[in-house]
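S.K.: Have a peek at final.cif (mmCIF, C-alpha atoms).
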data_run
loop_
_atom_site.group_PDB
_atom_site.id
_atom_site.type_symbol
_atom_site.label_atom_id
_atom_site.label_comp_id
_atom_site.auth_asym_id
_atom_site.auth_seq_id
_atom_site.Cartn_x
_atom_site.Cartn_y
_atom_site.Cartn_z
ATOM 1 C CA MET M 1 106.330 92.506 33.562
ATOM 2 C CA ASP M 2 109.531 94.513 33.872
ATOM 3 C CA GLN M 3 112.484 94.042 36.198
ATOM 4 C CA MET M 4 111.364 96.866 38.500
ATOM 5 C CA PHE M 5 108.141 94.989 39.258
ATOM 6 C CA TYR M 6 109.994 91.864 40.366
ATOM 7 C CA GLN M 7 112.518 93.889 42.376
ATOM 8 C CA THR M 8 109.683 95.663 44.198
ATOM 9 C CA LEU M 9 108.035 92.311 44.829
ATOM 10 C CA LEU M 10 111.206 90.770 46.262
ATOM 11 C CA ASN M 11 111.815 93.808 48.451
ATOM 12 C CA SER M 12 108.312 93.510 49.937
ATOM 13 C CA VAL M 13 108.809 90.024 51.422
ATOM 14 C CA THR M 14 110.035 89.540 54.968
ATOM 15 C CA ASP M 15 112.561 86.794 54.154
ATOM 16 C CA GLY M 16 116.108 87.620 53.114
ATOM 17 C CA ILE M 17 116.753 86.745 49.470
ATOM 18 C CA TYR M 18 119.954 86.882 47.444
ATOM 19 C CA PHE M 19 121.077 85.554 44.051
ATOM 20 C CA VAL M 20 124.526 84.284 43.070
ATOM 21 C CA ASP M 21 125.963 83.365 39.702
ATOM 22 C CA CYS M 22 127.910 80.189 39.010
ATOM 23 C CA ASP M 23 131.031 81.786 40.502
ATOM 24 C CA ARG M 24 129.065 82.449 43.709
ATOM 25 C CA ARG M 25 129.195 86.185 43.072
ATOM 26 C CA ILE M 26 126.211 87.976 44.615
ATOM 27 C CA THR M 27 124.037 89.639 41.974
ATOM 28 C CA TYR M 28 120.994 90.632 44.053
ATOM 29 C CA TRP M 29 120.380 91.387 47.752
ATOM 30 C CA ASN M 30 116.891 92.361 48.944
ATOM 31 C CA LYS M 31 115.776 94.709 51.727
ATOM 32 C CA ALA M 32 115.000 91.911 54.178
ATOM 33 C CA ALA M 33 118.520 90.542 53.676
ATOM 34 C CA GLU M 34 119.805 93.988 54.644
ATOM 35 C CA ARG M 35 117.645 94.011 57.765
ATOM 36 C CA LEU M 36 118.545 90.491 58.910
ATOM 37 C CA SER M 37 122.285 90.687 58.182
ATOM 38 C CA GLY M 38 123.104 94.369 58.672
ATOM 39 C CA TYR M 39 124.816 94.474 55.251
ATOM 40 C CA THR M 40 123.412 96.796 52.578
ATOM 41 C CA ALA M 41 122.957 95.783 48.967
ATOM 42 C CA THR M 42 125.775 98.155 48.027
ATOM 43 C CA GLU M 43 128.116 96.301 50.368
ATOM 44 C CA MET M 44 127.133 92.852 49.115
ATOM 45 C CA ILE M 45 126.428 92.992 45.368
ATOM 46 C CA GLY M 46 129.507 91.970 43.403
ATOM 47 C CA LYS M 47 131.080 90.216 46.381
ATOM 48 C CA LEU M 48 131.711 86.491 46.470
ATOM 49 C CA CYS M 49 129.726 84.675 49.140
ATOM 50 C CA SER M 50 132.844 82.495 49.464
ATOM 51 C CA GLU M 51 134.547 85.551 50.969
ATOM 52 C CA ASN M 52 132.890 84.404 54.171
ATOM 53 C CA LEU M 53 131.046 87.648 54.907
ATOM 54 C CA LEU M 54 128.069 85.877 56.489
ATOM 55 C CA ARG M 55 130.179 83.124 58.049
ATOM 56 C CA HIS M 56 127.478 80.480 58.178
ATOM 57 C CA GLU M 57 128.119 78.001 60.987
ATOM 58 C CA ASP M 58 126.416 74.896 62.311
ATOM 59 C CA GLU M 59 125.194 74.482 65.887
ATOM 60 C CA ASN M 60 128.697 73.412 66.949
ATOM 61 C CA GLY M 61 130.280 76.599 65.635
ATOM 62 C CA SER M 62 131.948 74.878 62.654
ATOM 63 C CA SER M 63 132.161 76.946 59.469
ATOM 64 C CA LEU M 64 129.985 75.853 56.535
ATOM 65 C CA CYS M 65 131.675 78.103 53.967
ATOM 66 C CA GLY M 66 133.454 76.049 51.350
ATOM 67 C CA LYS M 67 132.682 72.373 50.851
ATOM 68 C CA ARG M 68 129.847 72.287 53.408
ATOM 69 C CA CYS M 69 128.021 75.338 52.035
ATOM 70 C CA PRO M 70 124.418 74.464 51.023
ATOM 71 C CA LEU M 71 124.491 77.076 48.260
ATOM 72 C CA THR M 72 127.691 75.645 46.755
ATOM 73 C CA ALA M 73 126.272 72.129 46.835
ATOM 74 C CA THR M 74 123.111 73.299 45.067
ATOM 75 C CA LEU M 75 125.168 74.991 42.361
ATOM 76 C CA GLY M 76 126.925 71.675 41.859
ATOM 77 C CA ASP M 77 124.019 69.247 41.598
ATOM 78 C CA GLY M 78 120.904 71.379 41.168
ATOM 79 C CA GLU M 79 119.230 69.950 44.279
ATOM 80 C CA GLU M 80 117.349 72.165 46.728
ATOM 81 C CA ARG M 81 118.660 72.261 50.281
ATOM 82 C CA HIS M 82 117.154 73.359 53.579
ATOM 83 C CA ARG M 83 119.160 73.840 56.765
ATOM 84 C CA ASN M 84 119.208 75.591 60.135
ATOM 85 C CA VAL M 85 122.433 77.552 60.552
ATOM 86 C CA PHE M 86 123.908 80.535 62.375
ATOM 87 C CA MET M 87 124.709 83.676 60.373
ATOM 88 C CA ARG M 88 127.133 86.345 61.527
ATOM 89 C CA HIS M 89 125.505 89.775 61.632
ATOM 90 C CA LYS M 90 127.549 92.776 60.496
ATOM 91 C CA LEU M 91 127.689 93.938 64.122
ATOM 92 C CA GLY M 92 129.313 90.665 65.127
ATOM 93 C CA HIS M 93 126.584 88.684 66.866
ATOM 94 C CA LYS M 94 125.225 85.398 65.558
ATOM 95 C CA VAL M 95 121.685 85.142 64.212
ATOM 96 C CA PRO M 96 119.956 81.722 64.014
ATOM 97 C CA VAL M 97 118.434 81.422 60.540
ATOM 98 C CA THR M 98 116.777 78.864 58.339
ATOM 99 C CA VAL M 99 118.284 78.843 54.826
ATOM 100 C CA GLN M 100 116.904 77.334 51.648
ATOM 101 C CA ALA M 101 119.108 77.101 48.556
ATOM 102 C CA SER M 102 117.539 76.532 45.129
ATOM 103 C CA PRO M 103 119.091 76.393 41.641
ATOM 104 C CA MET M 104 118.380 78.995 38.955
ATOM 105 C CA LEU M 105 118.012 77.417 35.507
ATOM 106 C CA ASP M 106 118.062 78.820 32.006
ATOM 107 C CA SER M 107 115.575 77.832 29.285
ATOM 108 C CA ASN M 108 117.616 74.738 28.515
ATOM 109 C CA GLY M 109 117.657 73.559 32.113
ATOM 110 C CA ASN M 110 121.289 74.507 32.727
ATOM 111 C CA ILE M 111 122.306 75.860 36.138
ATOM 112 C CA VAL M 112 123.166 79.542 35.780
ATOM 113 C CA GLY M 113 123.143 80.464 39.461
ATOM 114 C CA ALA M 114 121.323 79.910 42.701
ATOM 115 C CA VAL M 115 119.034 81.732 45.094
ATOM 116 C CA GLU M 116 119.171 81.518 48.866
ATOM 117 C CA VAL M 117 116.199 82.464 50.996
ATOM 118 C CA PHE M 118 116.862 82.923 54.696
ATOM 119 C CA ALA M 119 114.687 83.855 57.661
ATOM 120 C CA GLU M 120 115.195 84.090 61.385
ATOM 121 C CA ASN M 121 114.703 80.645 62.869
ATOM 122 C CA SER M 122 111.076 80.459 64.083
ATOM 123 C CA GLU M 123 112.048 78.003 66.828
ATOM 124 C CA SER M 124 114.537 80.529 68.192
ATOM 125 C CA ILE M 125 111.913 83.283 67.967
ATOM 126 C CA ASN M 126 109.429 81.149 69.910
ATOM 127 C CA ILE M 127 112.028 80.391 72.577
ATOM 128 C CA ARG M 128 112.759 84.101 73.012
ATOM 129 C CA ARG M 129 109.063 84.870 73.202
ATOM 130 C CA GLU M 130 108.621 82.193 75.856
ATOM 131 C CA MET M 131 111.576 83.609 77.786
ATOM 132 C CA GLU M 132 110.083 87.096 77.600
ATOM 133 C CA LEU M 133 106.731 85.806 78.852
ATOM 134 C CA LEU M 134 108.504 83.976 81.659
ATOM 135 C CA ARG M 135 110.444 87.117 82.538
ATOM 136 C CA LYS M 136 107.201 89.075 82.745
ATOM 137 C CA GLU M 137 105.607 86.383 84.903
ATOM 138 C CA VAL M 138 108.600 86.333 87.244
ATOM 139 C CA LEU M 139 108.943 90.118 87.527
ATOM 140 C CA THR M 140 105.316 91.270 87.316
ATOM 141 C CA ASP M 141 102.870 91.506 90.195
ATOM 142 C CA GLU M 142 99.926 89.325 89.238
ATOM 143 C CA LEU M 143 97.240 91.485 90.840
ATOM 144 C CA THR M 144 98.280 94.934 89.631
ATOM 145 C CA GLY M 145 100.273 94.316 86.444
ATOM 146 C CA ILE M 146 103.177 96.477 87.654
ATOM 147 C CA GLY M 147 106.620 95.307 88.769
ATOM 148 C CA ASN M 148 106.851 93.055 91.805
ATOM 149 C CA ARG M 149 109.248 93.139 94.757
ATOM 150 C CA ARG M 150 111.891 91.219 92.815
ATOM 151 C CA TYR M 151 111.738 93.717 89.963
ATOM 152 C CA ALA M 152 112.132 96.532 92.486
ATOM 153 C CA GLU M 153 115.306 94.901 93.798
ATOM 154 C CA ILE M 154 116.674 94.527 90.256
ATOM 155 C CA THR M 155 115.893 98.194 89.571
ATOM 156 C CA MET M 156 117.733 99.176 92.725
ATOM 157 C CA ARG M 157 120.826 97.293 91.571
ATOM 158 C CA ASN M 158 120.641 99.056 88.196
ATOM 159 C CA LEU M 159 120.382 102.453 89.882
ATOM 160 C CA ASP M 160 123.370 101.618 92.062
ATOM 161 C CA HIS M 161 125.373 100.652 88.993
ATOM 162 C CA ALA M 162 124.457 103.910 87.237
ATOM 163 C CA MET M 163 125.446 105.845 90.342
ATOM 164 C CA GLU M 164 128.837 104.092 90.431
ATOM 165 C CA GLN M 165 129.437 104.768 86.735
ATOM 166 C CA ASN M 166 128.365 108.396 86.407
ATOM 167 C CA LEU M 167 126.965 109.534 89.765
ATOM 168 C CA ALA M 168 123.503 109.783 88.209
ATOM 169 C CA PRO M 169 121.027 111.154 90.790
ATOM 170 C CA PHE M 170 117.708 109.430 91.346
ATOM 171 C CA GLY M 171 114.656 109.715 93.535
ATOM 172 C CA VAL M 172 112.527 107.188 95.393
ATOM 173 C CA LEU M 173 108.869 107.512 96.365
ATOM 174 C CA PHE M 174 107.368 105.201 98.971
ATOM 175 C CA ILE M 175 103.569 105.132 98.739
ATOM 176 C CA ASP M 176 100.971 103.631 101.057
ATOM 177 C CA ILE M 177 97.182 103.566 100.631
ATOM 178 C CA ASP M 178 95.597 105.300 103.623
ATOM 179 C CA ASP M 179 93.269 103.328 105.935
ATOM 180 C CA PHE M 180 93.232 100.368 103.594
ATOM 181 C CA LYS M 181 92.084 98.017 106.361
ATOM 182 C CA THR M 182 88.815 99.962 106.493
ATOM 183 C CA VAL M 183 88.233 99.225 102.796
ATOM 184 C CA ASN M 184 88.752 95.501 103.353
ATOM 185 C CA ASP M 185 86.587 95.453 106.474
ATOM 186 C CA THR M 186 83.767 97.381 104.809
ATOM 187 C CA PHE M 187 83.687 95.928 101.288
ATOM 188 C CA GLY M 188 85.644 92.683 101.509
ATOM 189 C CA HIS M 189 88.974 91.553 100.135
ATOM 190 C CA TYR M 190 87.798 91.288 96.518
ATOM 191 C CA ILE M 191 86.965 95.001 96.415
ATOM 192 C CA GLY M 192 90.163 95.654 98.338
ATOM 193 C CA ASP M 193 92.098 94.001 95.522
ATOM 194 C CA GLN M 194 90.244 96.152 92.979
ATOM 195 C CA VAL M 195 91.260 99.266 94.911
ATOM 196 C CA ILE M 196 94.913 98.190 94.975
ATOM 197 C CA ARG M 197 94.778 97.587 91.219
ATOM 198 C CA MET M 198 93.113 100.960 90.646
ATOM 199 C CA VAL M 199 95.796 102.818 92.579
ATOM 200 C CA ALA M 200 98.609 100.880 90.863
ATOM 201 C CA GLN M 201 97.274 101.584 87.388
ATOM 202 C CA THR M 202 96.648 105.256 88.200
ATOM 203 C CA LEU M 203 100.244 105.639 89.309
ATOM 204 C CA MET M 204 101.763 103.628 86.465
ATOM 205 C CA LYS M 205 99.936 105.512 83.716
ATOM 206 C CA SER M 206 101.039 108.852 85.125
ATOM 207 C CA LEU M 207 104.789 108.199 85.120
ATOM 208 C CA ARG M 208 107.512 108.917 82.601
ATOM 209 C CA PHE M 209 108.839 106.157 80.364
ATOM 210 C CA LEU M 210 112.033 105.754 82.409
ATOM 211 C CA ASP M 211 110.304 105.707 85.801
ATOM 212 C CA VAL M 212 109.679 102.326 87.419
ATOM 213 C CA ILE M 213 106.799 101.464 89.723
ATOM 214 C CA CYS M 214 106.619 98.262 91.745
ATOM 215 C CA ARG M 215 104.338 96.795 94.360
ATOM 216 C CA TRP M 216 106.464 96.546 97.475
ATOM 217 C CA GLY M 217 103.908 94.509 99.384
ATOM 218 C CA GLY M 218 100.265 94.669 100.475
ATOM 219 C CA GLU M 219 99.038 98.188 99.754
ATOM 220 C CA GLU M 220 102.544 99.679 99.491
ATOM 221 C CA PHE M 221 104.224 100.815 96.280
ATOM 222 C CA VAL M 222 107.626 102.186 95.403
ATOM 223 C CA VAL M 223 108.505 104.420 92.457
ATOM 224 C CA PHE M 224 112.080 104.836 91.226
ATOM 225 C CA VAL M 225 112.718 108.094 89.374
ATOM 226 C CA PRO M 226 116.070 108.313 87.511
ATOM 227 C CA ASN M 227 117.757 111.625 86.703
ATOM 228 C CA THR M 228 115.589 113.891 88.791
ATOM 229 C CA THR M 229 115.863 116.719 91.301
ATOM 230 C CA LEU M 230 114.330 117.341 94.701
ATOM 231 C CA GLU M 231 111.892 119.870 93.256
ATOM 232 C CA ASN M 232 110.797 117.585 90.441
ATOM 233 C CA LEU M 233 110.358 114.644 92.789
ATOM 234 C CA ALA M 234 108.206 116.724 95.151
ATOM 235 C CA SER M 235 106.110 117.981 92.238
ATOM 236 C CA MET M 236 105.659 114.446 90.905
ATOM 237 C CA ALA M 237 104.625 113.110 94.318
ATOM 238 C CA GLU M 238 102.014 115.803 94.773
ATOM 239 C CA ARG M 239 100.640 115.257 91.265
ATOM 240 C CA LEU M 240 100.368 111.510 91.855
ATOM 241 C CA ARG M 241 98.753 112.064 95.239
ATOM 242 C CA ARG M 242 96.001 114.167 93.665
ATOM 243 C CA LEU M 243 95.428 111.630 90.902
ATOM 244 C CA VAL M 244 94.951 108.838 93.434
ATOM 245 C CA GLN M 245 92.620 111.001 95.493
ATOM 246 C CA ASP M 246 90.470 111.713 92.419
ATOM 247 C CA SER M 247 90.219 108.067 91.300
ATOM 248 C CA CYS M 248 87.372 105.776 92.286
ATOM 249 C CA ILE M 249 85.593 102.527 91.530
ATOM 250 C CA ILE M 250 81.857 101.892 91.641
ATOM 251 C CA HIS M 251 80.503 98.939 93.622
ATOM 252 C CA LYS M 252 76.740 98.421 93.969
ATOM 253 C CA SER M 253 76.117 102.116 93.332
ATOM 254 C CA ALA M 254 78.703 103.008 95.988
ATOM 255 C CA LYS M 255 81.599 105.223 94.968
ATOM 256 C CA ILE M 256 84.772 103.884 96.577
ATOM 257 C CA SER M 257 87.790 106.166 96.651
ATOM 258 C CA VAL M 258 90.958 106.230 98.705
ATOM 259 C CA THR M 259 93.873 108.512 99.385
ATOM 260 C CA ALA M 260 97.568 107.717 99.672
ATOM 261 C CA SER M 261 100.544 108.990 101.607
ATOM 262 C CA PHE M 262 103.853 109.675 99.865
ATOM 263 C CA GLY M 263 107.334 109.660 101.363
ATOM 264 C CA GLY M 264 110.304 110.438 99.158
ATOM 265 C CA ALA M 265 114.009 111.038 99.061
ATOM 266 C CA ILE M 266 116.593 112.134 96.508
ATOM 267 C CA SER M 267 119.973 110.399 96.337
ATOM 268 C CA GLN M 268 123.014 112.093 97.755
ATOM 269 C CA HIS M 269 126.585 111.822 96.467
ATOM 270 C CA ASN M 270 127.637 108.142 96.304
ATOM 271 C CA GLU M 271 124.489 107.025 98.145
ATOM 272 C CA TYR M 272 123.115 103.583 97.361
ATOM 273 C CA SER M 273 119.457 102.898 96.645
ATOM 274 C CA ILE M 274 118.824 100.939 99.847
ATOM 275 C CA SER M 275 119.765 104.043 101.846
ATOM 276 C CA VAL M 276 117.558 106.320 99.711
ATOM 277 C CA LEU M 277 114.701 103.853 100.062
ATOM 278 C CA SER M 278 115.133 103.830 103.833
ATOM 279 C CA ARG M 279 114.958 107.621 103.977
ATOM 280 C CA ALA M 280 111.846 107.627 101.795
ATOM 281 C CA ASP M 281 110.249 105.071 104.127
ATOM 282 C CA LYS M 282 111.046 107.312 107.080
ATOM 283 C CA GLN M 283 109.331 110.249 105.364
ATOM 284 C CA LEU M 284 106.285 108.073 104.743
ATOM 285 C CA TYR M 285 106.112 107.500 108.490
ATOM 286 C CA HIS M 286 106.218 111.278 109.052
ATOM 287 C CA CYS M 287 103.485 111.659 106.452
ATOM 288 C CA LYS M 288 101.225 109.254 108.351
ATOM 289 C CA LYS M 289 101.834 111.214 111.571
ATOM 290 C CA ASN M 290 100.953 114.458 109.771
ATOM 291 C CA GLY M 291 97.455 113.257 108.929
ATOM 292 C CA ARG M 292 97.921 111.096 105.813
ATOM 293 C CA ASN M 293 97.037 112.060 102.217
ATOM 294 C CA CYS M 294 100.121 114.225 101.916
ATOM 295 C CA THR M 295 103.695 114.153 100.646
ATOM 296 C CA VAL M 296 106.934 114.456 102.587
ATOM 297 C CA ILE M 297 110.154 114.634 100.579
ATOM 298 C CA ASP M 298 113.541 114.573 102.291
ATOM 299 C CA ASN M 299 117.070 115.106 101.032
ATOM 300 C CA SER M 300 118.752 114.823 104.432
ATOM 301 C CA SER M 301 119.228 118.562 104.716
ATOM 302 C CA GLU M 302 115.698 119.846 104.355
ATOM 303 C CA GLU M 303 112.161 118.546 104.224
ATOM 304 C CA LYS M 304 109.395 119.658 101.931
ATOM 305 C CA ILE M 305 105.951 118.929 103.294
ATOM 306 C CA ALA M 306 102.641 119.384 101.534
ATOM 307 C CA CYS M 307 99.630 118.301 103.570
ATOM 308 C CA PRO M 308 96.357 119.381 101.948
ATOM 309 C CA ASN M 309 93.196 119.554 103.918
ATOM 310 C CA ALA M 310 91.122 118.029 101.114
#
Starting from the file, give its structure as structure tokens.
M.R.:
Amino acid sequence: MDQMFYQTLLNSVTDGIYFVDCDRRITYWNKAAERLSGYTATEMIGKLCSENLLRHEDENGSSLCGKRCPLTATLGDGEERHRNVFMRHKLGHKVPVTVQASPMLDSNGNIVGAVEVFAENSESINIRREMELLRKEVLTDELTGIGNRRYAEITMRNLDHAMEQNLAPFGVLFIDIDDFKTVNDTFGHYIGDQVIRMVAQTLMKSLRFLDVICRWGGEEFVVFVPNTTLENLASMAERLRRLVQDSCIIHKSAKISVTASFGGAISQHNEYSISVLSRADKQLYHCKKNGRNCTVIDNSSEEKIACPNA
């Protein structure tokens, strides 16, 4: 088989692989090595790994390049070595990797170079996955699968930071399921939970990627809408209101549907999220007084009210 076959094969694996000659000059650098390190083959081939480009370090931050380098030791005695180290990415951050150095021998058994295979440390990957799962558990509402109250508070801090940095406008929608107590009293709390989940999922799946929806508490939800206008926020609220109104669940042949009231506000110059949220909550109160199943959007200077009869 020709060289192209083996090069294609090496480029198809997910582990980083590179070859060095007896002078520790890099002679091959595969695609996975490019992905894991940030360095292209063009940048690496012909370079000496002793030039400290990857800057392998132990867990204490001590450099391994030189006498403590596994690859150098393997070139010296022909023994395979396996070690967990930290590699410096081209962008500067450290990547935990597992490296394995093996000798390359000619037909007479003489060492003519070495190969190092490296992969992101699976233990580190598992830790990050566990942290991500924990983050989701901490910030996700268990019943609905959307953000919880804590996540809403974090989102508010992020919006405040964006406002301080570039005065980015944002909108807030406060949403409340109408007459939810009647649902619980008629069908029980289990069905009530199903209704809350239905409304949450309807809202979540109808938002933009950057929008954030959280369960504020009970049957109340809040939606944060970055980079929007009063008109767009009002249009979004009305669209969401209709979607909730048209959703239903079936229980013992009974069709259970609910409506929701929407109060909203758009941020003013240098206004923090807690103030915008308070104004949206006030508009929700007006919405309830106007007969429910409607939207009231306020920007402190004018109100836009849409109260359908249906």
S.K.: As an exercise, work out the distance from atom CA of M:His82 to atom CA of M:Arg55 in Å and give it to one decimal place.
M.R.: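 Between atom CA of M:His82 and atom CA of M:Arg55 the gap is 16.9 Å.
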S.K.: Would you be able to write out as an MDAnalysis selection string which residues have an atom within 12 Å of (98.6, 114.2, 94.4) in the file's coordinates, counting all atoms listed in the file?
M.R.: chainID M and resid 175 199 202:203 206 233:247 258:262 292:296 306:308 310
S.K.: Specify as number ranges by chain each residue included when the PyMOL selection byres ((chain M and resi 144) around 10) is applied to this file.
M.R.: M: 140-143, 145-148, 193-201, 204, 214-215
S.K.: Pick out the residues sitting within 8 Å of M:Gln283, and hand them over as a ChimeraX atom specification; count all atoms listed in the file, and ignore anything fewer than 3 positions along from it in its own chain.
M.R.: /M:262-265,279-280,286-287,296-298
S.K.: What's the 12 Å shell around M:Arg68, counting only C-alpha atoms, without same-chain residues fewer than 3 positions away, as a list in words?
M.R.: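 Surrounding residues, per the criterion: Ser50, Arg55, His56, Glu57, Asp58, Ser62, Ser63, Leu64, Cys65, Leu71, Thr72, Ala73, Thr74, Gly76, Arg81, Arg83 and Val85 of chain M.
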S.K.: Would you list the residues near (103.0, 103.6, 97.8) (no more than 6 Å away, in the coordinates of the file, using all atoms listed in the file) as a PDB file with C-alpha atoms, in the coordinates of the input?
M.R.:
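Contents of point32.pdb, freshly written:
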ATOM      1  CA  PHE M 174     107.368 105.201  98.971  1.00  0.00           C
ATOM      2  CA  ILE M 175     103.569 105.132  98.739  1.00  0.00           C
ATOM      3  CA  ASP M 176     100.971 103.631 101.057  1.00  0.00           C
ATOM      4  CA  GLU M 220     102.544  99.679  99.491  1.00  0.00           C
ATOM      5  CA  PHE M 221     104.224 100.815  96.280  1.00  0.00           C
ATOM      6  CA  VAL M 222     107.626 102.186  95.403  1.00  0.00           C
TER       7      VAL M 222
END
S.K.: Evaluated on this file, the PyMOL selection byres ((chain M and resi 158) around 12) picks out some residues - which ones are they, written as a PyMOL selection string?
M.R.: chain M and resi 151-157+159-165+168+170+212+224+226+272-274
